[in-house]
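**Student:** Pasting a structure here, questions to come.
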Amino acid sequence: PAIAATYGIAVLIVVTPFRKRTRLNWKKLVASLIESSQSMLYVAPVIAASGVILSVLGTTGLGPKLASSLVTIADGNVLVLFLLAGVACYFVGAGVVMIVTYILLAVLVAPALQQVGVPLMVSHFFIFYMGLTMFITPPYAPAAFVASAISGASPYRTGFQAMRLGIVTFIVPFILVYNPALIMIGTPSEIILAAVTAIIGVVALSVGIEG
């Protein structure tokens with residue numbers, strides 16, 4: 001991430017002069033530094049809290065224990081392992097902001113998937129997607145409950161409607177595991193086929209659910 005950020009800043013410095021609207025001057029440079037510093041005020045506490053949680057997990061050894069437990073319970077059945085990992089993602093992520101959820105799952109759940117040979121990128125996409133489902137899945141569905149408070153609708157009805165609208169979020173992680181080409185791991189023909197069939201599948205699923 002640090003290298004990506006460094007390269008990104010370097011590229012911006014090179015390309016911004018080509019357009020008058022994006023050309024940097026001292027006033028814009030100072031304003032951008034102020035804005036980025038203010039943005040960090042929101043991010044830094046979350047990262048600090050994540051650091052404390054990760055230190056506790058590392059000290060207690062909970063991360064490796066949970067990963068090995070999931071693999072043991074699955075007893076070699078990959079689908080069962082993924083279902084257990086999905087359930088773990090829901091409960092671990094409950095009540096935590098997405099950044100912390102992802103960091104926790106990366107420590108607690110991703111190693112279990114890697115133990116059965118799932119590529120690193122796929123395992124992290126899996127936990128990220130499954131972590132997102134927590135926000136729209138009752139009984140704990142904070143995004144849906146906030147929406148229901150605004151609309152005046154029933155919280156649980158809103159939650160189940162959110163699950164219907166977000167049905168792809170529950171399916172894509174499992175597709176990724178069995179077809180990594182969807183995240184560009186594979187030959188060009190496999191990647192193109194995966195992209196085309198995924199688009200058709202998502203459209204068909206959306207039309208079928210919404211009528």
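Residues are named by chain letter and number: chains run A, B, ... in the order of the structure tokens, numbers start at 1 in each chain, and ligands are numbered from 1 in the order shown.
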Please provide the set of residues having any atom within 10 Å of Ala181 in chain A, restricted to only C-alpha atoms, with same-chain residues fewer than 2 positions apart removed, written as an mmCIF file with N, CA, C and O atoms, in the first residue's frame.

**Tutor:**
```cif
data_model
loop_
_atom_site.group_PDB
_atom_site.id
_atom_site.type_symbol
_atom_site.label_atom_id
_atom_site.label_comp_id
_atom_site.auth_asym_id
_atom_site.auth_seq_id
_atom_site.Cartn_x
_atom_site.Cartn_y
_atom_site.Cartn_z
ATOM 1 N N VAL A 122 -7.938 -14.493 -3.551
ATOM 2 C CA VAL A 122 -9.307 -15.017 -3.500
ATOM 3 C C VAL A 122 -9.810 -15.059 -2.058
ATOM 4 O O VAL A 122 -10.948 -14.677 -1.775
ATOM 5 N N ILE A 175 -18.540 -18.008 -5.801
ATOM 6 C CA ILE A 175 -18.149 -18.129 -7.210
ATOM 7 C C ILE A 175 -16.655 -17.846 -7.361
ATOM 8 O O ILE A 175 -15.952 -18.520 -8.118
ATOM 9 N N LEU A 176 -16.162 -16.863 -6.626
ATOM 10 C CA LEU A 176 -14.736 -16.521 -6.689
ATOM 11 C C LEU A 176 -13.864 -17.708 -6.311
ATOM 12 O O LEU A 176 -12.813 -17.949 -6.919
ATOM 13 N N VAL A 177 -14.293 -18.436 -5.294
ATOM 14 C CA VAL A 177 -13.508 -19.567 -4.809
ATOM 15 C C VAL A 177 -13.365 -20.637 -5.891
ATOM 16 O O VAL A 177 -12.286 -21.190 -6.095
ATOM 17 N N TYR A 178 -14.460 -20.916 -6.588
ATOM 18 C CA TYR A 178 -14.444 -21.968 -7.600
ATOM 19 C C TYR A 178 -14.046 -21.446 -8.979
ATOM 20 O O TYR A 178 -13.751 -22.232 -9.877
ATOM 21 N N ASN A 179 -14.056 -20.129 -9.154
ATOM 22 C CA ASN A 179 -13.694 -19.550 -10.450
ATOM 23 C C ASN A 179 -12.905 -18.260 -10.239
ATOM 24 O O ASN A 179 -13.440 -17.161 -10.396
ATOM 25 N N ILE A 183 -11.666 -12.569 -10.780
ATOM 26 C CA ILE A 183 -10.804 -11.477 -10.304
ATOM 27 C C ILE A 183 -9.466 -11.529 -11.055
ATOM 28 O O ILE A 183 -8.421 -11.217 -10.488
ATOM 29 N N MET A 184 -9.555 -11.975 -12.327
ATOM 30 C CA MET A 184 -8.428 -11.914 -13.265
ATOM 31 C C MET A 184 -7.267 -12.820 -12.886
ATOM 32 O O MET A 184 -6.106 -12.505 -13.137
ATOM 33 N N ILE A 185 -7.584 -13.962 -12.275
ATOM 34 C CA ILE A 185 -6.575 -14.983 -12.033
ATOM 35 C C ILE A 185 -6.857 -16.121 -13.019
ATOM 36 O O ILE A 185 -7.769 -16.924 -12.823
ATOM 37 N N GLY A 186 -6.095 -16.172 -14.106
ATOM 38 C CA GLY A 186 -6.317 -17.186 -15.130
ATOM 39 C C GLY A 186 -5.877 -16.689 -16.488
ATOM 40 O O GLY A 186 -5.283 -15.612 -16.614
ATOM 41 N N THR A 187 -6.178 -17.467 -17.518
ATOM 42 C CA THR A 187 -5.813 -17.082 -18.885
ATOM 43 C C THR A 187 -6.786 -16.009 -19.387
ATOM 44 O O THR A 187 -7.893 -15.870 -18.850
ATOM 45 N N PRO A 188 -6.398 -15.234 -20.405
ATOM 46 C CA PRO A 188 -7.303 -14.202 -20.949
ATOM 47 C C PRO A 188 -8.671 -14.755 -21.356
ATOM 48 O O PRO A 188 -9.704 -14.120 -21.097
ATOM 49 N N SER A 189 -8.706 -15.941 -21.971
ATOM 50 C CA SER A 189 -9.989 -16.526 -22.390
ATOM 51 C C SER A 189 -10.851 -16.878 -21.182
ATOM 52 O O SER A 189 -12.077 -16.665 -21.194
ATOM 53 N N GLU A 190 -10.236 -17.394 -20.116
ATOM 54 C CA GLU A 190 -10.980 -17.726 -18.891
ATOM 55 C C GLU A 190 -11.536 -16.466 -18.235
ATOM 56 O O GLU A 190 -12.679 -16.456 -17.751
ATOM 57 N N ILE A 191 -10.739 -15.396 -18.221
ATOM 58 C CA ILE A 191 -11.164 -14.138 -17.605
ATOM 59 C C ILE A 191 -12.340 -13.536 -18.378
ATOM 60 O O ILE A 191 -13.338 -13.097 -17.787
ATOM 61 N N ILE A 192 -12.254 -13.522 -19.727
ATOM 62 C CA ILE A 192 -13.337 -12.976 -20.551
ATOM 63 C C ILE A 192 -14.614 -13.788 -20.370
ATOM 64 O O ILE A 192 -15.703 -13.229 -20.191
ATOM 65 N N LEU A 193 -14.484 -15.121 -20.390
ATOM 66 C CA LEU A 193 -15.651 -15.993 -20.212
ATOM 67 C C LEU A 193 -16.293 -15.767 -18.845
ATOM 68 O O LEU A 193 -17.529 -15.682 -18.728
ATOM 69 N N ALA A 194 -15.460 -15.647 -17.799
ATOM 70 C CA ALA A 194 -15.972 -15.432 -16.446
ATOM 71 C C ALA A 194 -16.703 -14.101 -16.345
ATOM 72 O O ALA A 194 -17.779 -14.012 -15.734
ATOM 73 N N ALA A 195 -16.148 -13.052 -16.968
ATOM 74 C CA ALA A 195 -16.768 -11.725 -16.918
ATOM 75 C C ALA A 195 -18.116 -11.720 -17.634
ATOM 76 O O ALA A 195 -19.116 -11.207 -17.111
#
```

**Student:** Determine, using only C-alpha atoms, which residues of range 67-179 of chain A have any atom at most 12 Å from an atom of range 55-61 of chain A, and tabulate each with its shortest atom pair and distance in Å to one decimal place, rows ordered by chain and then rising number, as a Markdown table.

**Tutor:**
```
| residue | atom | partner | partner_atom | distance |
| --- | --- | --- | --- | --- |
| A:Ala67 | CA | A:Gly61 | CA | 10.5 |
| A:Ser68 | CA | A:Gly61 | CA | 11.2 |
| A:Ile103 | CA | A:Leu57 | CA | 11.3 |
| A:Leu104 | CA | A:Leu57 | CA | 8.9 |
| A:Leu105 | CA | A:Leu57 | CA | 11.3 |
| A:Ala106 | CA | A:Leu57 | CA | 11.7 |
| A:Val107 | CA | A:Leu57 | CA | 8.3 |
| A:Leu108 | CA | A:Leu57 | CA | 8.5 |
```

**Student:** Would you output that residue set with N, CA and C atoms, as a compact mmCIF listing (two decimals), in the first residue's frame?

**Tutor:**
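Once everything was written out, this is result.txt:
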```
# COMPACT_ATOMS: atom_id res chain seq x y z
N ALA A 67 -8.62 -20.35 12.93
CA ALA A 67 -8.39 -20.86 11.58
C ALA A 67 -8.27 -22.38 11.59
N SER A 68 -7.47 -22.92 12.50
CA SER A 68 -7.29 -24.38 12.55
C SER A 68 -8.57 -25.07 12.97
N ILE A 103 -9.85 -6.17 8.62
CA ILE A 103 -8.57 -6.48 9.27
C ILE A 103 -8.73 -7.70 10.20
N LEU A 104 -9.84 -7.73 10.95
CA LEU A 104 -10.09 -8.86 11.84
C LEU A 104 -10.23 -10.16 11.05
N LEU A 105 -11.01 -10.11 9.98
CA LEU A 105 -11.24 -11.31 9.18
C LEU A 105 -9.97 -11.77 8.49
N ALA A 106 -9.13 -10.80 8.10
CA ALA A 106 -7.86 -11.15 7.45
C ALA A 106 -6.97 -11.94 8.41
N VAL A 107 -7.10 -11.67 9.69
CA VAL A 107 -6.29 -12.36 10.69
C VAL A 107 -6.95 -13.67 11.15
N LEU A 108 -8.29 -13.65 11.29
CA LEU A 108 -9.00 -14.77 11.89
C LEU A 108 -9.46 -15.83 10.89
```

**Student:** Between A:Ile127, A:Cys89, A:Leu83, A:Ile99, which is the closest to Ala49 in chain A once you count only C-alpha atoms?

**Tutor:**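 The answer is A:Ile99, which sits nearest to Ala49 in chain A.
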
**Student:** Would you mind reading off the distance between CA of Pro45 in chain A and CA of Pro1 in chain A, one decimal, in Å?

**Tutor:**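 It comes out at 18.6 Å.
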
**Student:** When DSSP is applied to the backbone of this structure, which of range 12-78 of chain A are assigned helix (DSSP H, G or I)? Write them out as a count of residues only.

**Tutor:** 56

**Student:** Would you mind listing what lies within 12 Å of range 2-18 of chain A as a list in words, with only C-alpha atoms counted and same-chain residues fewer than 5 positions away left out?

**Tutor:** Arg23, Leu24, Asn25, Lys28, Leu29 and Ser32 of chain A

**Student:** Those residues with N, CA, C and O atoms, as an mmCIF file, in the first residue's frame please?

**Tutor:**
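Final output, saved to selection_4.cif:
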```cif
data_model
loop_
_atom_site.group_PDB
_atom_site.id
_atom_site.type_symbol
_atom_site.label_atom_id
_atom_site.label_comp_id
_atom_site.auth_asym_id
_atom_site.auth_seq_id
_atom_site.Cartn_x
_atom_site.Cartn_y
_atom_site.Cartn_z
ATOM 1 N N ARG A 23 -4.103 21.781 -12.777
ATOM 2 C CA ARG A 23 -2.718 22.217 -12.591
ATOM 3 C C ARG A 23 -2.497 22.716 -11.158
ATOM 4 O O ARG A 23 -3.273 23.510 -10.627
ATOM 5 N N LEU A 24 -1.429 22.240 -10.519
ATOM 6 C CA LEU A 24 -1.151 22.599 -9.126
ATOM 7 C C LEU A 24 -0.446 23.949 -9.034
ATOM 8 O O LEU A 24 0.392 24.284 -9.856
ATOM 9 N N ASN A 25 -0.844 24.716 -8.009
ATOM 10 C CA ASN A 25 -0.087 25.904 -7.616
ATOM 11 C C ASN A 25 0.071 25.834 -6.099
ATOM 12 O O ASN A 25 -0.403 24.885 -5.461
ATOM 13 N N LYS A 28 -3.333 25.559 -4.200
ATOM 14 C CA LYS A 28 -3.954 24.237 -4.318
ATOM 15 C C LYS A 28 -3.173 23.192 -3.531
ATOM 16 O O LYS A 28 -3.758 22.290 -2.909
ATOM 17 N N LEU A 29 -1.853 23.310 -3.550
ATOM 18 C CA LEU A 29 -1.016 22.347 -2.843
ATOM 19 C C LEU A 29 -1.260 22.405 -1.340
ATOM 20 O O LEU A 29 -1.445 21.369 -0.685
ATOM 21 N N SER A 32 -4.711 20.988 -0.544
ATOM 22 C CA SER A 32 -4.750 19.524 -0.608
ATOM 23 C C SER A 32 -4.109 18.901 0.626
ATOM 24 O O SER A 32 -4.576 17.877 1.139
#
```

**Student:** What separation in Å, quoted to one decimal, exists between CA of Phe128 in chain A and CA of Gly208 in chain A?

**Tutor:**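 Result for CA of Phe128 in chain A versus CA of Gly208 in chain A: 25.8 Å, one decimal.
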
**Student:** Given the choices A:Val100, A:Ile199, A:Ile73, A:Ile171, which gets closest to Gly51 in chain A if the distance is worked out from only C-alpha atoms?

**Tutor:**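 Checking each candidate against Gly51 in chain A, we get A:Val100 as the closest.
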
**Student:** From the set A:Pro119, A:Gly166, A:Pro111, A:Gly201, which residue has the shortest atom-to-atom contact distance to Val71 in chain A, counting only C-alpha atoms?

**Tutor:**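 Of A:Pro119, A:Gly166, A:Pro111, A:Gly201, the one nearest Val71 in chain A is A:Pro111, counting only C-alpha atoms.
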